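J.: My structure is stored as upload.csv, with CSV, C-alpha atoms.
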chain,number,residue,atom,x,y,z
A,29,MET,CA,137.7,247.4,8.2
A,30,VAL,CA,137.5,244.4,10.5
A,31,ARG,CA,135.4,242.4,8.0
A,32,GLU,CA,137.7,243.2,5.1
A,33,THR,CA,140.8,242.3,7.2
A,34,LEU,CA,139.4,239.0,8.2
A,35,LEU,CA,138.3,238.2,4.6
A,36,ALA,CA,141.8,239.1,3.3
A,37,SER,CA,143.4,236.9,5.9
A,38,LEU,CA,141.0,234.0,5.1
A,39,LEU,CA,141.7,234.2,1.4
A,40,ALA,CA,145.5,234.6,1.8
A,41,GLY,CA,145.6,231.8,4.4
A,42,LEU,CA,143.6,229.5,2.1
A,43,CYS,CA,145.9,230.1,-0.8
A,44,ALA,CA,149.0,229.5,1.2
A,45,ALA,CA,147.5,226.4,2.9
A,46,VAL,CA,146.7,224.8,-0.5
A,47,VAL,CA,150.3,225.3,-1.5
A,48,LEU,CA,151.7,223.9,1.8
A,49,THR,CA,149.4,220.9,1.8
A,50,CYS,CA,150.3,219.9,-1.7
A,51,LEU,CA,154.0,220.2,-0.9
A,52,GLN,CA,153.6,218.2,2.3
A,53,MET,CA,151.6,215.4,0.5
A,54,VAL,CA,154.3,215.0,-2.1
A,55,TRP,CA,157.5,215.5,0.0
A,56,VAL,CA,157.0,215.7,3.8
A,57,THR,CA,154.3,213.1,4.5
A,58,PRO,CA,156.2,210.2,2.8
A,59,LEU,CA,159.2,211.0,5.0
A,60,ILE,CA,157.0,211.0,8.1
A,61,LEU,CA,155.5,207.7,7.1
A,62,GLN,CA,159.0,206.3,6.8
A,63,GLY,CA,159.8,207.6,10.3
A,64,GLU,CA,156.6,206.0,11.7
A,65,VAL,CA,157.7,202.6,10.4
A,66,PHE,CA,160.8,202.8,12.7
A,67,GLU,CA,158.7,204.1,15.6
A,68,ASP,CA,156.1,201.4,15.2
A,69,ALA,CA,158.8,198.7,15.0
A,70,ALA,CA,160.3,199.9,18.2
A,71,ALA,CA,156.9,200.0,19.9
A,72,ALA,CA,156.2,196.5,18.8
A,73,HIS,CA,159.5,195.3,20.1
A,74,GLU,CA,158.9,197.0,23.5
A,75,SER,CA,155.4,195.5,23.8
A,76,GLN,CA,157.0,192.1,23.8
A,77,VAL,CA,159.2,192.8,26.8
A,78,PRO,CA,157.9,191.0,29.9
A,79,PRO,CA,156.5,193.4,32.6
A,80,SER,CA,158.9,191.9,35.1
A,81,GLU,CA,161.8,193.7,33.5
A,82,GLY,CA,160.4,197.0,34.7
A,83,HIS,CA,159.3,198.5,31.4
A,84,HIS,CA,156.2,200.7,31.4
A,85,HIS,CA,154.1,201.1,28.3
A,86,GLU,CA,151.8,204.0,27.7
A,87,ALA,CA,148.6,203.7,25.6
A,88,ASP,CA,149.2,204.3,21.9
A,89,GLU,CA,148.6,207.9,21.0
A,90,TRP,CA,145.9,208.5,18.4
A,91,LYS,CA,146.9,209.5,14.9
A,92,PRO,CA,144.9,209.7,11.7
A,93,SER,CA,144.9,206.7,9.4
A,94,ASP,CA,146.9,206.9,6.3
A,95,GLY,CA,145.3,208.1,3.1
A,96,THR,CA,142.3,210.4,3.0
A,97,GLU,CA,141.9,210.9,6.7
A,98,ARG,CA,145.5,212.0,7.2
A,99,THR,CA,145.3,214.3,4.2
A,100,LEU,CA,142.1,216.0,5.5
A,101,TYR,CA,143.6,216.5,9.0
A,102,THR,CA,146.8,217.9,7.4
A,103,ALA,CA,144.8,220.2,5.2
A,104,GLY,CA,142.7,221.4,8.1
A,105,ALA,CA,145.8,222.1,10.2
A,106,ASP,CA,147.4,223.9,7.3
A,107,LEU,CA,144.3,226.1,6.8
A,108,LEU,CA,144.3,227.1,10.5
A,109,LEU,CA,148.0,227.8,10.3
A,110,GLY,CA,147.7,229.8,7.1
A,111,VAL,CA,144.8,232.0,8.3
A,112,GLY,CA,146.4,232.6,11.7
A,113,TYR,CA,149.7,233.7,10.2
A,114,ALA,CA,147.8,235.7,7.5
A,115,LEU,CA,146.1,237.6,10.4
A,116,VAL,CA,149.5,238.4,11.8
A,117,LEU,CA,150.7,239.8,8.4
A,118,THR,CA,147.6,241.8,7.7
A,119,SER,CA,147.7,243.2,11.2
A,120,THR,CA,151.3,244.2,10.6
A,121,TYR,CA,150.2,246.0,7.4
A,122,LEU,CA,147.6,247.9,9.3
A,123,LEU,CA,149.6,248.8,12.4
A,124,TRP,CA,153.1,249.2,11.0
A,125,ARG,CA,153.7,249.3,7.3
A,126,ALA,CA,151.8,248.0,4.2
A,127,PRO,CA,153.8,246.5,1.3
A,128,ASN,CA,154.7,249.2,-1.3
A,129,THR,CA,154.1,246.7,-4.1
A,130,PRO,CA,152.1,243.5,-3.9
A,131,LEU,CA,154.7,241.2,-5.3
A,132,ARG,CA,158.1,242.5,-4.0
A,133,GLY,CA,156.5,243.7,-0.8
A,134,GLY,CA,154.8,240.4,-0.3
A,135,VAL,CA,158.0,238.5,-0.8
A,136,ALA,CA,159.8,240.8,1.7
A,137,PHE,CA,157.1,240.2,4.4
A,138,GLY,CA,157.0,236.5,3.5
A,139,VAL,CA,160.8,236.2,4.0
A,140,ALA,CA,160.5,238.0,7.3
A,141,GLY,CA,157.7,235.7,8.5
A,142,PHE,CA,159.8,232.7,7.5
A,143,VAL,CA,162.8,234.0,9.5
A,144,VAL,CA,160.7,234.8,12.6
A,145,PHE,CA,158.5,231.8,12.8
A,146,PHE,CA,160.6,229.0,11.3
A,147,LEU,CA,164.2,229.7,10.6
A,148,ALA,CA,165.3,231.4,13.8
A,149,PRO,CA,163.6,228.8,16.1
A,150,ALA,CA,164.8,225.9,13.9
A,151,LEU,CA,168.4,226.9,14.5
A,152,GLY,CA,167.9,225.5,18.0
A,153,LEU,CA,164.9,223.2,17.6
A,154,PRO,CA,165.1,221.7,14.1
A,155,PRO,CA,162.1,219.7,12.7
A,156,GLU,CA,162.3,216.1,13.9
A,157,LEU,CA,160.7,212.9,12.7
A,158,PRO,CA,158.5,210.7,15.0
A,159,GLY,CA,160.6,208.7,17.4
A,160,THR,CA,163.1,211.4,18.1
A,161,ALA,CA,163.9,212.2,21.7
A,162,ALA,CA,163.0,215.7,22.8
A,163,ALA,CA,163.0,217.9,25.9
A,164,GLU,CA,159.8,218.6,27.8
A,165,LEU,CA,157.2,220.2,25.5
A,166,SER,CA,156.4,223.2,27.7
A,167,VAL,CA,160.1,224.1,27.9
A,168,ARG,CA,160.6,223.8,24.1
A,169,GLN,CA,157.5,226.0,23.6
A,170,ALA,CA,158.8,228.7,25.9
A,171,TRP,CA,162.1,228.8,24.1
A,172,TRP,CA,160.4,228.9,20.7
A,173,ILE,CA,158.1,231.8,21.7
A,174,MET,CA,161.1,233.7,23.2
A,175,THR,CA,163.1,233.2,20.0
A,176,ALA,CA,160.3,234.1,17.6
A,177,LEU,CA,159.3,237.2,19.7
A,178,ALA,CA,162.9,238.5,19.9
A,179,THR,CA,163.5,237.9,16.2
A,180,ALA,CA,160.2,239.8,15.3
A,181,VAL,CA,161.1,242.7,17.5
A,182,ALA,CA,164.7,242.8,16.2
A,183,LEU,CA,163.5,242.9,12.6
A,184,LEU,CA,160.9,245.6,13.4
A,185,MET,CA,163.6,247.8,15.1
A,186,PHE,CA,166.1,247.3,12.3
A,187,PHE,CA,163.7,248.3,9.5
A,188,SER,CA,161.9,251.0,11.5
A,189,SER,CA,164.9,253.2,12.2
A,190,SER,CA,168.1,254.1,10.3
A,191,ARG,CA,169.9,255.2,13.5
A,192,PRO,CA,173.1,253.1,14.0
A,193,TRP,CA,172.6,252.4,17.7
A,194,VAL,CA,169.1,251.1,17.1
A,195,ARG,CA,170.3,248.8,14.4
A,196,VAL,CA,173.1,247.6,16.5
A,197,LEU,CA,170.6,246.9,19.3
A,198,ALA,CA,168.4,245.1,16.9
A,199,VAL,CA,171.2,242.8,15.8
A,200,ALA,CA,172.1,242.1,19.4
A,201,LEU,CA,168.5,241.2,20.1
A,202,LEU,CA,168.4,239.0,17.0
A,203,VAL,CA,171.4,237.0,18.4
A,204,ALA,CA,170.4,237.0,22.1
A,205,PRO,CA,168.0,234.0,22.1
A,206,HIS,CA,170.6,231.8,20.6
A,207,LEU,CA,173.0,232.5,23.5
A,208,VAL,CA,170.5,230.6,25.6
A,209,PRO,CA,170.9,226.9,24.6
A,210,ALA,CA,167.7,225.4,23.2
A,211,PRO,CA,166.2,222.7,25.5
A,212,GLN,CA,167.6,219.3,24.6
A,213,PRO,CA,166.7,215.8,25.9
A,214,ALA,CA,169.0,214.2,28.5
A,215,VAL,CA,170.0,211.6,26.0
A,216,ALA,CA,169.8,212.4,22.3
A,217,SER,CA,168.4,209.5,20.3
A,218,SER,CA,166.4,208.9,17.1
A,219,LEU,CA,164.8,205.8,15.8
A,220,ALA,CA,165.0,207.0,12.2
A,221,PRO,CA,168.3,206.9,10.4
A,222,GLU,CA,170.3,210.2,10.3
A,223,GLU,CA,169.9,210.4,6.5
A,224,LEU,CA,166.2,210.3,6.8
A,225,GLN,CA,166.3,213.0,9.5
A,226,HIS,CA,168.4,215.1,7.2
A,227,GLN,CA,166.0,214.7,4.3
A,228,PHE,CA,163.1,215.6,6.6
A,229,ARG,CA,164.7,218.8,7.8
A,230,ILE,CA,165.5,219.9,4.3
A,231,ALA,CA,161.9,219.1,3.1
A,232,SER,CA,160.4,221.0,6.1
A,233,THR,CA,162.6,224.0,5.5
A,234,VAL,CA,161.9,224.3,1.8
A,235,CYS,CA,158.1,223.7,2.3
A,236,ASN,CA,157.9,226.4,5.0
A,237,ALA,CA,159.9,228.8,2.8
A,238,VAL,CA,157.5,228.3,-0.1
A,239,PHE,CA,154.5,228.6,2.3
A,240,TRP,CA,155.7,231.9,3.7
A,241,LEU,CA,156.5,233.3,0.2
A,242,ALA,CA,153.0,232.3,-1.0
A,243,LEU,CA,151.4,233.7,2.2
A,244,GLY,CA,153.3,237.0,1.9
A,245,ILE,CA,152.4,237.5,-1.7
A,246,ALA,CA,148.7,236.4,-1.3
A,247,SER,CA,148.2,238.5,1.8
A,248,SER,CA,149.8,241.5,0.1
A,249,PHE,CA,147.5,241.2,-2.9
A,250,ALA,CA,144.4,240.5,-0.7
A,251,PHE,CA,145.2,243.5,1.5
A,252,ARG,CA,145.6,245.8,-1.4
A,253,LYS,CA,142.3,244.7,-3.0
A,254,LEU,CA,140.1,244.3,0.1
A,255,VAL,CA,141.4,246.5,2.9
A,256,ARG,CA,141.5,250.2,2.8
A,257,GLN,CA,144.8,251.8,3.4
A,258,PRO,CA,145.0,253.6,6.8
A,259,ALA,CA,145.2,257.3,6.7
Represent the structure of the file as structure tokens.

T.:
Amino acid sequence: MVRETLLASLLAGLCAAVVLTCLQMVWVTPLILQGEVFEDAAAAHESQVPPSEGHHHEADEWKPSDGTERTLYTAGADLLLGVGYALVLTSTYLLWRAPNTPLRGGVAFGVAGFVVFFLAPALGLPPELPGTAAAELSVRQAWWIMTALATAVALLMFFSSSRPWVRVLAVALLVAPHLVPAPQPAVASSLAPEELQHQFRIASTVCNAVFWLALGIASSFAFRKLVRQPA
């Protein structure tokens, strides 16, 4: 059972990762490259400021070079992401409920994964281009985890019981994380134009939605073919 589950997750994650990487190369990466142009220009300007004016410069962070290296690193990261989330879905199938039909059930679980791991957290912490001011990473991560966990539990409660009070509680839990403001920087600023930020957020949302639909369908088919249904 464990071997079949891992294999199903690997195959489903690989399929979804290929879809995501292709979309990113066509749509998301060009927007990131445009954002990096503004970030590099600002860094070049700051590097020309005399030290006597009190500016401190940190060493440039490493990033893959454009072209093949960036594509390979993106594909590798997408593969890890796809397999990890596929394990979450296949574990859900085993421990809670397997899709009734590979296609419709896969779409339903894909939509749920998109809501839990992207849409709900993005309402408070939307995707941002390089050069955008942000709150401390650990604080943002804590808020993201809290929101994703609360959303997952809320959906599980809502679709596990038809009792009205349970569903009311689930809706309350779904809303609760957003009553706590997402961590924001002291001063909001962005080096990239607002129009570019808007395009990036749309591209990231659409790409993640397609990724989760592909992952839900692929994991549902793989689970049905490779993993025995629990008694």

J.: Hey, which of A:Val54, A:Val144, A:Leu157, A:Ala242 ends up closest to Pro221 (chain A)? Count all atoms listed in the file.

T.: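 Of all the options, A:Leu157 lies closest to Pro221 (chain A).
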
J.: Taking (158.0, 223.2, -0.3) as a centre in this file's frame and 10 Å as the limit, can you find every polymer residue with an atom that close, using only C-alpha atoms, and give them as a short mmCIF file (atom, residue, chain, number, x, y, z; two decimals) with C-alpha atoms, keeping the file's coordinate frame?

T.:
data_model
loop_
_atom_site.label_atom_id
_atom_site.label_comp_id
_atom_site.auth_asym_id
_atom_site.auth_seq_id
_atom_site.Cartn_x
_atom_site.Cartn_y
_atom_site.Cartn_z
CA VAL A 47 150.30 225.30 -1.50
CA LEU A 48 151.70 223.90 1.80
CA THR A 49 149.40 220.90 1.80
CA CYS A 50 150.30 219.90 -1.70
CA LEU A 51 154.00 220.20 -0.90
CA GLN A 52 153.60 218.20 2.30
CA VAL A 54 154.30 215.00 -2.10
CA TRP A 55 157.50 215.50 0.00
CA VAL A 56 157.00 215.70 3.80
CA ILE A 230 165.50 219.90 4.30
CA ALA A 231 161.90 219.10 3.10
CA SER A 232 160.40 221.00 6.10
CA THR A 233 162.60 224.00 5.50
CA VAL A 234 161.90 224.30 1.80
CA CYS A 235 158.10 223.70 2.30
CA ASN A 236 157.90 226.40 5.00
CA ALA A 237 159.90 228.80 2.80
CA VAL A 238 157.50 228.30 -0.10
CA PHE A 239 154.50 228.60 2.30
CA TRP A 240 155.70 231.90 3.70
#

J.: By how many Å are CA of Tyr101 (chain A) and CA of Phe142 (chain A) apart?

T.: 23.0 Å

J.: Just how far from CA of Leu184 (chain A) is CA of Leu42 (chain A), in Å to one decimal?

T.: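 These atoms are spaced 26.2 Å apart.
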
J.: Enter the distance from CA of Ala246 (chain A) to CA of Ala136 (chain A), in Å, rounded to one decimal.

T.: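 Atom-to-atom, CA of Ala246 (chain A) to CA of Ala136 (chain A), that is 12.3 Å.
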
J.: Have a look at A:Leu219, A:Leu207, A:Leu117, A:Ala200 and name the one nearest to Ala182 (chain A); count all atoms listed in the file.

T.: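 Among A:Leu219, A:Leu207, A:Leu117, A:Ala200, it is A:Ala200 that comes nearest to Ala182 (chain A).
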
J.: Find, counting only C-alpha atoms, the residue in A:Ala220, A:Val111, A:Ala204, A:Val194 that gets nearest to Val65 (chain A).

T.: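 Using only C-alpha atoms, Val65 (chain A) sits closest to A:Ala220.
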
J.: Counting all atoms listed in the file, figure out which residue out of A:Pro92, A:Gly159, A:Ser217, A:Gly41 gets nearest to Ala69 (chain A).

T.: A:Gly159

J.: Of the candidates A:Gly63, A:Phe187, A:Leu243, A:Gln225, which shows the shortest atom-to-atom distance to Arg125 (chain A), using all atoms listed in the file?

T.: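 The closest residue to Arg125 (chain A) is A:Phe187.
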
J.: Under the rule that only C-alpha atoms are counted, which of A:Met53, A:Met185, A:Thr118, A:Glu156 is the nearest residue to Gly138 (chain A)?

T.: A:Thr118

J.: Using all atoms listed in the file, which protein or nucleic acid residues come within 10 Å of Gly152 (chain A)? Drop anything in the same chain fewer than 4 positions from it, and give the result as a tab-separated table (two decimals) with C-alpha atoms, keeping the file's coordinate frame.

T.:
chain	number	residue	atom	x	y	z
A	147	LEU	CA	164.20	229.70	10.60
A	148	ALA	CA	165.30	231.40	13.80
A	168	ARG	CA	160.60	223.80	24.10
A	171	TRP	CA	162.10	228.80	24.10
A	172	TRP	CA	160.40	228.90	20.70
A	175	THR	CA	163.10	233.20	20.00
A	205	PRO	CA	168.00	234.00	22.10
A	206	HIS	CA	170.60	231.80	20.60
A	208	VAL	CA	170.50	230.60	25.60
A	209	PRO	CA	170.90	226.90	24.60
A	210	ALA	CA	167.70	225.40	23.20
A	211	PRO	CA	166.20	222.70	25.50
A	212	GLN	CA	167.60	219.30	24.60

J.: Need to verify the contact set: Arg31 (chain A), 10 Å, all atoms listed in the file, exclusion of same-chain residues closer than 5 positions in sequence. Can you return it as a PyMOL selection string?

T.: chain A and resi 36-37+254-255

J.: Once you add 8 Å to each side, what are the centre and edge lengths of the axis-aligned box holding all listed atoms of region 187-202 of chain A? One decimal in Å, as lines of an AutoDock Vina configuration file, if you can.

T.:
center_x = 167.5
center_y = 247.1
center_z = 14.8
size_x = 27.2
size_y = 32.2
size_z = 26.6

J.: Fewer than 5 positions away in the same chain doesn't count, so skip those; otherwise give me all residues within 8 Å of Pro130 (chain A), counting all atoms listed in the file, as a PyMOL selection string.

T.: chain A and resi 245+248-249+252

J.: Please identify all polymer residues within 10 Å of Leu61 (chain A), counting only C-alpha atoms, omitting same-chain residues fewer than 6 positions from it, and present them as a PDB file with C-alpha atoms, in the coordinates of the input.

T.:
ATOM      1  CA  GLU A  67     158.700 204.100  15.600  1.00  0.00           C
ATOM      2  CA  ASP A  94     146.900 206.900   6.300  1.00  0.00           C
ATOM      3  CA  LEU A 157     160.700 212.900  12.700  1.00  0.00           C
ATOM      4  CA  PRO A 158     158.500 210.700  15.000  1.00  0.00           C
TER       5      PRO A 158
END

J.: Take region 99-112 of chain A from the block and save it with N, CA, C and O atoms, as a compact mmCIF listing (two decimals), in the first residue's frame.

T.:
# COMPACT_ATOMS: atom_id res chain seq x y z
N THR A 99 15.15 27.55 -15.90
CA THR A 99 14.11 26.59 -16.24
C THR A 99 14.26 25.29 -15.46
O THR A 99 13.28 24.73 -14.95
N LEU A 100 15.49 24.80 -15.33
CA LEU A 100 15.74 23.56 -14.60
C LEU A 100 15.41 23.72 -13.12
O LEU A 100 14.81 22.81 -12.51
N TYR A 101 15.81 24.82 -12.53
CA TYR A 101 15.50 25.05 -11.12
C TYR A 101 13.99 25.19 -10.90
O TYR A 101 13.44 24.67 -9.92
N THR A 102 13.32 25.87 -11.82
CA THR A 102 11.87 26.00 -11.73
C THR A 102 11.18 24.66 -11.83
O THR A 102 10.28 24.33 -11.06
N ALA A 103 11.64 23.84 -12.81
CA ALA A 103 11.05 22.51 -13.00
C ALA A 103 11.28 21.63 -11.77
O ALA A 103 10.38 20.90 -11.34
N GLY A 104 12.48 21.70 -11.20
CA GLY A 104 12.77 20.91 -10.00
C GLY A 104 11.90 21.32 -8.82
O GLY A 104 11.37 20.47 -8.09
N ALA A 105 11.75 22.63 -8.64
CA ALA A 105 10.90 23.11 -7.55
C ALA A 105 9.45 22.72 -7.77
O ALA A 105 8.75 22.32 -6.82
N ASP A 106 8.99 22.80 -9.02
CA ASP A 106 7.61 22.41 -9.32
C ASP A 106 7.39 20.93 -9.08
O ASP A 106 6.31 20.51 -8.64
N LEU A 107 8.39 20.12 -9.39
CA LEU A 107 8.27 18.67 -9.17
C LEU A 107 8.14 18.36 -7.68
O LEU A 107 7.29 17.56 -7.27
N LEU A 108 8.98 18.98 -6.86
CA LEU A 108 8.88 18.77 -5.42
C LEU A 108 7.53 19.24 -4.89
O LEU A 108 6.91 18.57 -4.05
N LEU A 109 7.08 20.38 -5.41
CA LEU A 109 5.77 20.91 -5.00
C LEU A 109 4.66 19.96 -5.41
O LEU A 109 3.77 19.64 -4.61
N GLY A 110 4.72 19.48 -6.65
CA GLY A 110 3.66 18.60 -7.15
C GLY A 110 3.60 17.30 -6.39
O GLY A 110 2.51 16.83 -6.01
N VAL A 111 4.76 16.67 -6.15
CA VAL A 111 4.77 15.39 -5.44
C VAL A 111 4.32 15.58 -4.00
O VAL A 111 3.57 14.76 -3.45
N GLY A 112 4.76 16.66 -3.36
CA GLY A 112 4.36 16.91 -1.98
C GLY A 112 2.85 17.09 -1.84
O GLY A 112 2.21 16.48 -0.96
